[in-house]
Amino acid sequence: MNSNRPTLEDVAKAAGVSRATASRVINGVETVDETMRSKVAAAVRTTGYVPNTAARSLVTRKAGAIALVISGSDGSAEQVLGDPFFGRITSGVVKSLLPQKVHPTLVLADSDAARADAVSYVRQGKADGALLVSTHSDDTLPGLFVDAGIPAVLFARPGRDVPISYVDLAHERGAALAADHLVARGCRRVVTIAGPSDVPAAQDRLTGFRHAMARHGQAYIPVAKGNFTRESGELAMAELLAAHPDLDGVFAANDLMAAGALTVLQAHHRTVPDDVAVVGFDDSEPAHSTRPQLTTVAQPVEAMAAEMARLLLAHIETPTLHPTSVIFDPHLVPRESA
């Protein structure tokens, strides 16, 4: 250890103030006289003093960090980190928090024990609150954080009745945009690849698509279920193609499944979009990398993640805030596949 490292006493001496005053200035206490504050700030620059973060957190009760908890994913850590959806959330959170000098810590909670550990991690003071990404409607994690009295904000509405703030997308409206686009192209034998039944967003997209197609006079829409992966999109598309070989339009509930559908259609020598039009959802990286590029419903994930972070900071600053929701609007991005 470097014995010459500047101390709080050195700052106080250089500023000509008491150690207590120097400490209050460094820890952001607002009641300190502005003249004293200026003297201490100058002394910090002169001495090169670096505050002890651990000691400072004891005074401010703030860790300067938040936990980004991903709960209920079915894959390994590598699969989660490689999923474009989770990557976009992480990017939006990081870009939003870093200017605030708040550091996010990624926590994977894929079991009951891991979820309990996530709550314990924050309660121990290692983070000031949590951003929760919960993928299944029966996930207990949001309720655990609420019951523990920990500031938390959820990405997507909770599947259970939990008093927690959240951000979400108007999923039914987005699916209706896909339906309208396929009908406008002249598609009359349309099928859909839906997401998992226990994911509220997937339920909303399926409901929105069916209702919109019904308004266009198409009462029956064949459905195959996937799990938001490319491989599940391939299996679902093969199933639908075998049962409905004359299909001419496909709506997939996310871009990864739509990319899988393209692979199967091309393997069966169906030209996209001339023989079959394909629309995805999310406007994530796969929508840009497929050939042809995907027409898709855009979900502003980065902006939603940034809003989630803003809400959490507000709850940390004012613990008495009531739960609130922010719903974003989707829009259609037409490209080559439809």
# chains A, B, ... in the order shown; residues from 1 in each chain; ligands from 1
call {"tool": "residues_around", "arguments": {"residues": "Val326 (chain A)", "least_positions_apart": "6", "cutoff": "7 Å", "atoms": "only C-alpha atoms", "output": "PDB file with N, CA and C atoms, in the first residue's frame"}}
result
ATOM      1  N   TYR A 166     -42.878  -0.365 -14.564  1.00  0.00           N
ATOM      2  CA  TYR A 166     -42.371  -1.125 -15.713  1.00  0.00           C
ATOM      3  C   TYR A 166     -42.452  -0.293 -16.992  1.00  0.00           C
ATOM      4  N   VAL A 167     -41.660  -0.705 -17.965  1.00  0.00           N
ATOM      5  CA  VAL A 167     -41.770  -0.172 -19.322  1.00  0.00           C
ATOM      6  C   VAL A 167     -42.202  -1.323 -20.228  1.00  0.00           C
ATOM      7  N   ASP A 168     -42.934  -1.003 -21.276  1.00  0.00           N
ATOM      8  CA  ASP A 168     -43.390  -2.054 -22.179  1.00  0.00           C
ATOM      9  C   ASP A 168     -43.684  -1.450 -23.545  1.00  0.00           C
TER      10      ASP A 168
END
call {"tool": "atom_distance", "arguments": {"atom1": "CA of Arg215 (chain A)", "atom2": "CA of Gly174 (chain A)"}}
result
15.1 Å
call {"tool": "residues_around", "arguments": {"residues": "Val190 (chain A)", "least_positions_apart": "4", "cutoff": "6 Å", "atoms": "only C-alpha atoms", "output": "list in words"}}
result
Leu247, Asp248, Gly249 and Val250 of chain A
call {"tool": "write_last_selection", "arguments": {"atoms": "C-alpha atoms", "output": "PDB file, in the first residue's frame"}}
result
ATOM      1  CA  LEU A 247     -49.322 -20.436 -47.517  1.00  0.00           C
ATOM      2  CA  ASP A 248     -48.309 -17.050 -48.884  1.00  0.00           C
ATOM      3  CA  GLY A 249     -47.588 -14.961 -45.766  1.00  0.00           C
ATOM      4  CA  VAL A 250     -45.806 -15.494 -42.447  1.00  0.00           C
TER       5      VAL A 250
END
call {"tool": "select_by_dssp", "arguments": {"residues": "region 73-275 of chain A", "states": "strand (DSSP E)", "output": "ChimeraX atom specification"}}
result
/A:103-109,130-134,152-155,165-169,190-194,223-225,249-252
call {"tool": "atom_distance", "arguments": {"atom1": "CA of Gln293 (chain A)", "atom2": "CA of His269 (chain A)"}}
result
17.3 Å
call {"tool": "closest_residue", "arguments": {"among": "A:Ala252, A:Ala277, A:Ala212, A:Leu206", "to": "Arg189 (chain A)", "atoms": "only C-alpha atoms"}}
result
A:Ala277
call {"tool": "closest_residue", "arguments": {"among": "A:Arg115, A:Asp275, A:Lys126, A:Asp282", "to": "Arg188 (chain A)", "atoms": "only C-alpha atoms"}}
result
A:Asp275
call {"tool": "atom_distance", "arguments": {"atom1": "CA of Ala127 (chain A)", "atom2": "CA of Val94 (chain A)"}}
result
14.8 Å
call {"tool": "closest_residue", "arguments": {"among": "A:Val191, A:Leu312, A:Val133, A:Val153", "to": "Ala178 (chain A)", "atoms": "only C-alpha atoms"}}
result
A:Val191
call {"tool": "select_by_dssp", "arguments": {"residues": "region 63-193 of chain A", "states": "helix (DSSP H, G or I)", "output": "ChimeraX atom specification"}}
result
/A:77-82,84-100,112-126,141-147,171-184
call {"tool": "closest_residue", "arguments": {"among": "A:Ala20, A:Leu321, A:Leu294, A:Val223", "to": "Pro334 (chain A)", "atoms": "only C-alpha atoms"}}
result
A:Leu294
call {"tool": "closest_residue", "arguments": {"among": "A:Ala179, A:Ile221, A:Val279, A:Ala156", "to": "Val301 (chain A)", "atoms": "only C-alpha atoms"}}
result
A:Ala156
call {"tool": "closest_residue", "arguments": {"among": "A:Ala201, A:Met257, A:Ile193, A:Ile164", "to": "His322 (chain A)", "atoms": "only C-alpha atoms"}}
result
A:Ile164
call {"tool": "residues_around", "arguments": {"residues": "Thr263 (chain A)", "least_positions_apart": "2", "cutoff": "12 Å", "atoms": "only C-alpha atoms", "output": "list of chain:residue names"}}
result
A:Arg230, A:Glu231, A:Ser232, A:Gly233, A:Glu234, A:Leu235, A:Ala236, A:Met237, A:Ala238, A:Leu256, A:Met257, A:Ala258, A:Ala259, A:Gly260, A:Ala261, A:Leu265, A:Gln266, A:Ala267, A:His268, A:His269, A:Arg270, A:Thr271, A:Val272, A:Val278, A:Thr290, A:Arg291, A:Pro292
